[in-house]
Each structure stands twice: as structure tokens, then as C-alpha cells.
>>> print(open('work.txt').read())   # compact mmCIF, C-alpha atoms and all ligand atoms
# COMPACT_ATOMS: atom_id res chain seq x y z
CA MET A 1 47.77 142.01 108.17
CA PRO A 2 45.78 145.12 109.12
CA ASP A 3 47.88 148.24 109.55
CA VAL A 4 46.77 148.69 113.11
CA GLU A 5 48.72 145.61 114.11
CA ARG A 6 52.02 147.13 113.05
CA ARG A 7 53.34 149.23 115.87
CA LEU A 8 56.31 151.40 116.70
CA LEU A 9 57.63 151.96 120.19
CA VAL A 10 59.98 154.94 120.54
CA SER A 11 62.26 155.19 123.56
CA LEU A 12 64.72 157.79 124.76
CA HIS A 13 67.57 156.28 126.76
CA ASP A 14 69.80 157.77 129.45
CA VAL A 15 67.42 160.38 130.81
CA ALA A 16 69.70 161.91 133.46
CA PRO A 17 70.76 165.39 134.59
CA ARG A 18 74.04 164.83 132.69
CA HIS A 19 72.02 164.90 129.47
CA ALA A 20 69.28 167.31 130.56
CA GLU A 21 69.72 169.69 127.65
CA ALA A 22 69.72 166.96 124.97
CA VAL A 23 66.82 165.13 126.62
CA ARG A 24 64.71 168.30 126.62
CA ARG A 25 65.56 168.93 123.00
CA ILE A 26 64.68 165.39 121.95
CA VAL A 27 61.36 165.34 123.83
CA GLN A 28 60.39 168.58 122.04
CA TRP A 29 61.66 167.27 118.70
CA LEU A 30 59.57 164.10 119.02
CA ALA A 31 56.49 166.18 119.81
CA ARG A 32 57.12 168.30 116.71
CA LEU A 33 57.28 165.12 114.61
CA GLY A 34 53.93 164.08 116.00
CA ILE A 35 55.29 161.10 117.93
CA PRO A 36 52.93 160.40 120.80
CA PRO A 37 54.31 159.96 124.30
CA ALA A 38 57.49 157.89 124.27
CA GLN A 39 59.32 155.81 126.82
CA LEU A 40 61.81 157.79 128.87
CA LEU A 41 64.53 155.60 130.40
CA VAL A 42 65.65 157.24 133.62
CA VAL A 43 69.09 156.61 135.19
CA PRO A 44 68.99 157.35 138.97
CA ASP A 45 72.69 158.26 139.39
CA PHE A 46 74.40 158.45 136.01
CA HIS A 47 78.03 157.28 136.29
CA GLY A 48 77.85 157.85 140.04
CA LYS A 49 78.18 161.60 139.49
CA TRP A 50 74.67 162.75 138.63
CA PRO A 51 72.22 161.70 141.39
CA ILE A 52 68.91 162.79 139.89
CA SER A 53 67.46 163.88 143.25
CA ALA A 54 70.14 166.58 143.48
CA TYR A 55 68.57 168.28 140.44
CA PRO A 56 65.02 169.17 141.53
CA ASP A 57 64.25 171.23 138.42
CA PHE A 58 65.11 168.29 136.18
CA CYS A 59 63.14 165.93 138.46
CA ARG A 60 60.09 168.16 138.07
CA GLU A 61 60.44 168.07 134.29
CA VAL A 62 60.72 164.26 134.28
CA HIS A 63 57.74 164.03 136.63
CA ASP A 64 55.71 166.30 134.34
CA TRP A 65 56.64 164.24 131.26
CA GLY A 66 55.33 161.20 133.12
CA GLN A 67 52.12 163.05 133.92
CA ALA A 68 51.82 164.09 130.28
CA GLY A 69 51.70 160.44 129.23
CA HIS A 70 55.32 159.45 128.59
CA GLU A 71 56.11 156.09 130.17
CA LEU A 72 58.91 156.52 132.71
CA VAL A 73 61.13 153.44 132.92
CA LEU A 74 63.97 152.55 135.28
CA HIS A 75 67.24 152.19 133.36
CA GLY A 76 69.99 150.75 135.57
CA TYR A 77 71.38 152.70 138.49
CA HIS A 78 74.81 154.10 137.60
CA HIS A 79 74.73 152.97 133.96
CA LEU A 80 78.31 151.79 134.49
CA GLU A 81 79.72 148.35 135.13
CA SER A 82 81.52 147.98 138.44
CA GLN A 83 85.33 147.67 138.28
CA ALA A 84 85.18 144.18 139.80
CA ALA A 85 82.85 142.82 137.11
CA PRO A 86 85.33 141.92 134.34
CA LYS A 87 87.38 139.79 136.77
CA ARG A 88 84.26 137.85 137.77
CA SER A 89 83.15 136.87 134.29
CA PRO A 90 86.18 136.73 132.02
CA GLY A 91 84.57 134.50 129.33
CA LEU A 92 85.07 135.34 125.67
CA ALA A 93 81.39 136.05 124.99
CA GLU A 94 81.22 138.32 128.01
CA ARG A 95 84.38 140.15 126.94
CA PHE A 96 82.91 140.66 123.48
CA LYS A 97 79.67 142.04 124.86
CA ARG A 98 81.54 144.24 127.29
CA SER A 99 83.97 145.81 124.85
CA PHE A 100 82.12 145.79 121.54
CA MET A 101 78.48 146.27 122.44
CA THR A 102 79.02 148.80 125.19
CA ALA A 103 81.80 151.03 126.44
CA GLY A 104 81.78 149.40 129.87
CA GLU A 105 78.17 150.45 130.51
CA GLY A 106 76.61 146.98 130.80
CA GLU A 107 75.91 147.55 134.47
CA PHE A 108 73.69 144.47 134.93
CA LEU A 109 75.74 142.13 132.72
CA SER A 110 77.46 140.31 135.56
CA LEU A 111 75.32 141.07 138.62
CA SER A 112 73.95 138.19 140.69
CA PRO A 113 70.19 138.31 141.39
CA ARG A 114 70.96 139.56 144.91
CA GLU A 115 73.24 142.35 143.66
CA ALA A 116 70.73 143.23 140.95
CA GLY A 117 67.96 143.32 143.58
CA ASP A 118 70.01 145.70 145.75
CA LEU A 119 70.48 148.09 142.85
CA LEU A 120 66.79 147.91 141.91
CA GLU A 121 65.89 148.83 145.49
CA ARG A 122 68.30 151.75 145.44
CA GLY A 123 66.84 152.85 142.13
CA LEU A 124 63.28 152.81 143.46
CA ALA A 125 64.38 154.64 146.62
CA MET A 126 65.99 157.36 144.50
CA TRP A 127 62.80 157.44 142.39
CA SER A 128 60.77 158.26 145.51
CA GLN A 129 63.33 160.72 146.84
CA ALA A 130 63.34 162.54 143.48
CA GLU A 131 59.51 162.56 143.45
CA LEU A 132 59.32 161.35 139.87
CA GLY A 133 55.86 159.88 140.37
CA PRO A 134 54.55 156.32 140.83
CA TRP A 135 57.21 153.60 140.71
CA PRO A 136 57.96 152.46 137.17
CA LYS A 137 56.56 149.18 135.87
CA GLY A 138 59.34 148.66 133.34
CA PHE A 139 63.05 148.11 133.71
CA VAL A 140 65.54 148.22 130.84
CA PRO A 141 69.11 147.18 131.71
CA PRO A 142 71.80 149.49 130.28
CA ALA A 143 72.88 148.35 126.80
CA TRP A 144 70.16 145.66 127.13
CA LEU A 145 72.76 143.44 128.80
CA HIS A 146 71.91 141.24 131.77
CA ARG A 147 72.22 137.74 133.16
CA PRO A 148 69.44 135.23 132.41
CA ASP A 149 68.42 135.21 136.08
CA LEU A 150 67.62 138.92 136.24
CA ASP A 151 63.89 138.42 135.68
CA ALA A 152 63.18 136.81 139.06
CA ALA A 153 64.70 139.83 140.82
CA LEU A 154 62.62 142.19 138.68
CA TRP A 155 59.31 140.46 139.34
CA ARG A 156 60.13 140.30 143.06
CA HIS A 157 60.55 144.07 143.08
CA GLY A 158 57.21 144.71 141.43
CA PHE A 159 58.24 145.28 137.82
CA ASP A 160 55.90 144.02 135.10
CA TRP A 161 58.15 143.98 132.06
CA THR A 162 61.72 144.20 130.81
CA GLU A 163 63.45 143.93 127.46
CA ASN A 164 66.65 142.98 125.65
CA HIS A 165 67.80 143.10 122.03
CA ALA A 166 65.28 140.44 120.99
CA GLY A 167 62.08 141.76 122.50
CA ILE A 168 59.98 142.36 125.60
CA ARG A 169 59.38 139.92 128.45
CA PHE A 170 56.46 140.15 130.86
CA ARG A 171 55.98 139.09 134.46
CA ASP A 172 53.34 136.51 133.46
CA GLY A 173 55.84 134.74 131.21
CA LYS A 174 54.64 136.19 127.91
CA ARG A 175 57.23 137.32 125.41
CA LEU A 176 56.89 139.71 122.51
CA ALA A 177 59.47 139.59 119.71
CA ALA A 178 60.37 143.16 118.73
CA PRO A 179 63.50 144.07 116.80
CA VAL A 180 65.16 147.29 117.87
CA VAL A 181 66.67 150.00 115.69
CA THR A 182 69.33 152.08 117.43
CA TRP A 183 72.15 154.33 116.32
CA ALA A 184 75.77 154.09 117.47
CA SER A 185 77.37 157.49 117.89
CA ARG A 186 80.68 156.55 119.53
CA ASP A 187 82.98 156.94 116.48
CA PRO A 188 82.73 157.84 112.77
CA VAL A 189 82.71 154.22 111.56
CA ARG A 190 79.80 153.30 113.81
CA ARG A 191 77.96 156.49 112.84
CA ILE A 192 78.27 155.80 109.13
CA GLY A 193 77.26 152.17 109.70
CA SER A 194 74.20 153.23 111.68
CA ARG A 195 73.11 155.71 109.04
CA LEU A 196 73.19 152.96 106.44
CA TYR A 197 71.78 150.22 108.61
CA CYS A 198 68.92 151.77 110.59
CA PRO A 199 66.64 153.04 107.79
CA ALA A 200 67.27 149.78 105.88
CA ALA A 201 66.44 147.73 108.97
CA MET A 202 63.18 149.63 109.49
CA ARG A 203 62.29 148.88 105.87
CA ALA A 204 63.26 145.22 106.22
CA TRP A 205 61.04 144.87 109.27
CA SER A 206 58.07 146.50 107.60
CA LYS A 207 55.91 143.44 108.36
CA ALA A 208 57.03 142.94 111.97
CA PRO A 209 54.08 143.56 114.35
CA LEU A 210 56.24 145.64 116.69
CA VAL A 211 59.51 147.49 116.06
CA ARG A 212 61.33 149.48 118.73
CA LEU A 213 63.28 152.63 117.89
CA ALA A 214 65.76 153.70 120.57
CA ILE A 215 67.29 157.18 120.70
CA HIS A 216 70.29 158.16 122.84
CA PRO A 217 71.16 161.74 123.86
CA HIS A 218 74.57 161.58 122.11
CA ASP A 219 72.83 160.83 118.80
CA PHE A 220 71.81 164.47 118.79
CA ASP A 221 75.45 165.63 118.86
CA HIS A 222 75.52 164.64 115.18
CA PRO A 223 73.11 166.33 112.74
CA GLN A 224 73.53 163.48 110.25
CA LEU A 225 72.31 161.01 112.84
CA VAL A 226 69.33 163.24 113.65
CA ARG A 227 68.44 163.25 109.96
CA SER A 228 68.82 159.47 109.84
CA ILE A 229 66.52 159.03 112.85
CA GLU A 230 63.95 161.32 111.26
CA ARG A 231 64.19 159.42 107.97
CA THR A 232 63.70 156.13 109.81
CA LEU A 233 60.67 157.50 111.67
CA ARG A 234 59.19 158.58 108.34
CA ILE A 235 59.74 155.10 106.88
CA ALA A 236 57.85 153.66 109.85
CA ALA A 237 55.05 156.18 109.30
CA ALA A 238 54.91 155.40 105.57
CA ASP A 239 54.45 151.73 106.51
CA HIS A 240 51.37 152.88 108.45
CA ARG A 241 52.93 151.91 111.72
CA GLN A 242 50.99 153.15 114.65
CA ALA A 243 53.32 154.77 117.16
CA VAL A 244 52.52 153.66 120.69
CA GLY A 245 53.88 155.50 123.66
CA SER A 246 54.21 152.75 126.19
CA VAL A 247 54.30 149.05 126.91
CA ARG A 248 51.55 149.50 129.48
CA SER A 249 48.27 149.60 127.64
CA PRO A 250 48.59 149.37 123.90
CA ILE A 251 50.86 146.35 123.51
CA VAL A 252 50.54 144.24 126.63
CA PRO A 253 49.30 140.95 125.16
ZN ZN A 301 71.43 153.52 128.38
>>> encode(input="work.txt", output="C-alpha cells")
Amino acid sequence: MPDVERRLLVSLHDVAPRHAEAVRRIVQWLARLGIPPAQLLVVPDFHGKWPISAYPDFCREVHDWGQAGHELVLHGYHHLESQAAPKRSPGLAERFKRSFMTAGEGEFLSLSPREAGDLLERGLAMWSQAELGPWPKGFVPPAWLHRPDLDAALWRHGFDWTENHAGIRFRDGKRLAAPVVTWASRDPVRRIGSRLYCPAAMRAWSKAPLVRLAIHPHDFDHPQLVRSIERTLRIAAADHRQAVGSVRSPIVP
């Protein structure tokens, strides 16, 4: 398979005023490593305490990153599951996802299409109010968790693509398998596990046409994780992966 068909998509999650300092640092760090524009996943009102429009300086920075070629993506609304959600879907699988895969941040995990649509509308309204630029074409649910019927609400609100752990789904029904490498920073056991797993996973997927690498602001609280991310990026580069900055042009089938 020609090298050019092996691609790497780097994303930075949880772009919000709460994480402004880390986000800035990571954007600069990626540029220093020669990573082309990345995907920046913007949370309109992180945990209900950080409405992005109340931070005009940060909004301007995000806007400018979008202008510079980064793909701005909508990433939930509060990035927090509502208190009522666990009572509505108490199944074992749901409980596992909720407690193990995310610390209660699977905001779209149990939302009906109507509730999801309401939050998407609020997100786009905040996007305009914050003057971040043209409305985003991509939506990534927090922790990649959502109900199977989310897509209809997304397409109705003008989005072109979304993704979960398995890959990317497009409005026209196309799907692109794309494993994702991401680090867990919540506790020492997860951090050690991630440092072992992520570089090995990147190596194991050396033949996959597209691999996603997702960075979270809290990763950068831990120098060992930063080194692991850098090592994993270098493995991707050694495999002659071509880093692509967005879903929009380079990888839309
Ligand atoms: Zn997130």
C-alpha cells in the first residue's frame, strides 16, 4: 500500500476556557513537532461553568486557530451527563460505559434525538455568539458516547460527520474505520497503562489507512504522558503516515 494512503488525524479535545492555558500550550507544542493543523474540539459551556462567549480573548484565539487551518469541531455542550440520565438508562452496559469509560462526562449517552437536537442548537447559538467563525461541520460527542439515533439529529442540524471509538460516519452514509489512540490521565494505573498501550497500538495499526490520535488537556499535567504522546507521534511519522489536519478535505471518501 503506498505510504500516502496511511494517514494520521490528530485531535485536541475539550477546548474550553477552563483549559485555556493547556490548550494554548498543546497547540504550540504540536506546531513545534511539525504537526499540521489539527482538529480542535470545542465545548460551548464546559461543566456549565465556563460559557465560552464570556471569554472573548479565548474566543478570538479559537477563531484565529480556525482561520489558520485547524478544523474546529463541536464537542458536546456541557461535557457532563445530566443528573437525571443514570435513572433513565440503568442497564448494565450503560452503567459500565458511564463509570468506567468516562467520569460521568458522556453527555450524549442517554439523550433522545429531541434532547440531543436541543443541545446541538444551543451549541451552534453559542458558537455564533462567541464569534468562533463558520458553524462546524463535525460533531464529536464527549467520550465518544451516544445513542444509535444521534445521527439523524446531527444531519438535521447541518453536520456532515461524526465519530465514535470505531471510526468516522458521514452524512451520506459512508463510514471510515479508524482506530483511535488516546491516553487516560485520571489515575496512576490508567496513566501507566496508557503509556504502555498507546505506542504499542500505534505500531500494531501501522497498516491501517487512518489512525486517530486524541489528546486531552489533562494529559499535559503529566510529563511522562507528554513523552508518550511524542513517542507515539514519532512512531506514526516513522511509518510514513501523512498527518492530515481535518476530516473535511483530505479524508472525505
Ligand atoms: Zn471531551
>>> closest_residue(input="work.txt", among="A:Ala22, A:Ala130, A:Val247, A:Ile229", to="Ala38 in chain A", atoms="all atoms listed in the file")
A:Val247
>>> atom_distance(input="work.txt", atom1="CA of Asp149 in chain A", atom2="CA of Val43 in chain A")
21.4 Å
>>> residues_near_ligand(input="work.txt", ligand="ligand ZN 301 (chain A)", cutoff="6 Å", atoms="all atoms listed in the file", output="list in words")
His13, Asp14, Pro142 and Ala143 of chain A
>>> residues_around(input="work.txt", residues="Tyr197 in chain A", least_positions_apart="4", cutoff="10 Å", atoms="all atoms listed in the file", output="list of chain:residue names")
A:Val181, A:Thr182, A:Trp183, A:Arg191, A:Ile192, A:Gly193, A:Ala201, A:Met202, A:Arg203, A:Ser228
>>> atom_distance(input="work.txt", atom1="CA of His78 in chain A", atom2="CA of Gly245 in chain A")
25.2 Å
>>> atom_distance(input="work.txt", atom1="CA of Pro36 in chain A", atom2="CA of Ala214 in chain A")
14.5 Å
>>> axis_aligned_box(input="work.txt", around="range 125-132 of chain A", padding_each_side="3 Å", output="AutoDock Vina command-line options")
--center_x 62.7 --center_y 158.6 --center_z 143.4 --size_x 12.7 --size_y 13.9 --size_z 13.0
>>> closest_residue(input="work.txt", among="A:Leu40, A:Cys198, A:Met126, A:Leu12", to="Arg231 in chain A", atoms="only C-alpha atoms")
A:Cys198
>>> residues_near_point(input="work.txt", point="(67.1, 158.1, 121.4)", cutoff="12 Å", atoms="all atoms listed in the file", output="PyMOL selection string")
chain A and resi 9-15+19+22-27+29-30+38-41+180-185+212-221+225-226+228-230+233
>>> residues_around(input="work.txt", residues="Asp239 in chain A", least_positions_apart="6", cutoff="9 Å", atoms="all atoms listed in the file", output="PyMOL selection string")
chain A and resi 3+6+203+206-207
>>> write_last_selection(input="work.txt", atoms="C-alpha atoms", output="tab-separated table (two decimals), in the frame of the given file")
chain	number	residue	atom	x	y	z
A	3	ASP	CA	47.88	148.24	109.55
A	6	ARG	CA	52.02	147.13	113.05
A	203	ARG	CA	62.29	148.88	105.87
A	206	SER	CA	58.07	146.50	107.60
A	207	LYS	CA	55.91	143.44	108.36
>>> residues_near_point(input="work.txt", point="(71.9, 138.4, 137.0)", cutoff="9 Å", atoms="all atoms listed in the file", output="PyMOL selection string")
chain A and resi 108-116+146-151+153
>>> residues_around(input="work.txt", residues="Arg227 in chain A", least_positions_apart="5", cutoff="9 Å", atoms="all atoms listed in the file", output="MDAnalysis selection string")
chainID A and resid 195 222 232
>>> residues_around(input="work.txt", residues="range 161-169 of chain A", least_positions_apart="3", cutoff="6 Å", atoms="all atoms listed in the file", output="list in words")
Gly138, Phe139, Val140, Trp144, Arg175, Leu176, Ala177, Ala178 and Pro179 of chain A
>>> residues_around(input="work.txt", residues="Phe159 in chain A", least_positions_apart="4", cutoff="10 Å", atoms="all atoms listed in the file", output="list in words")
Val73, Leu74, Leu120, Trp135, Pro136, Lys137, Gly138, Phe139, Asp151, Ala152, Ala153, Leu154, Trp155, Phe170 and Arg171 of chain A
>>> write_last_selection(input="work.txt", atoms="C-alpha atoms", output="PDB file, keeping the file's coordinate frame")
ATOM      1  CA  VAL A  73      61.130 153.440 132.920  1.00  0.00           C
ATOM      2  CA  LEU A  74      63.970 152.550 135.280  1.00  0.00           C
ATOM      3  CA  LEU A 120      66.790 147.910 141.910  1.00  0.00           C
ATOM      4  CA  TRP A 135      57.210 153.600 140.710  1.00  0.00           C
ATOM      5  CA  PRO A 136      57.960 152.460 137.170  1.00  0.00           C
ATOM      6  CA  LYS A 137      56.560 149.180 135.870  1.00  0.00           C
ATOM      7  CA  GLY A 138      59.340 148.660 133.340  1.00  0.00           C
ATOM      8  CA  PHE A 139      63.050 148.110 133.710  1.00  0.00           C
ATOM      9  CA  ASP A 151      63.890 138.420 135.680  1.00  0.00           C
ATOM     10  CA  ALA A 152      63.180 136.810 139.060  1.00  0.00           C
ATOM     11  CA  ALA A 153      64.700 139.830 140.820  1.00  0.00           C
ATOM     12  CA  LEU A 154      62.620 142.190 138.680  1.00  0.00           C
ATOM     13  CA  TRP A 155      59.310 140.460 139.340  1.00  0.00           C
ATOM     14  CA  PHE A 170      56.460 140.150 130.860  1.00  0.00           C
ATOM     15  CA  ARG A 171      55.980 139.090 134.460  1.00  0.00           C
TER      16      ARG A 171
END
>>> closest_residue(input="work.txt", among="A:Val211, A:Val62, A:Leu8, A:Leu80", to="Pro141 in chain A", atoms="only C-alpha atoms")
A:Leu80
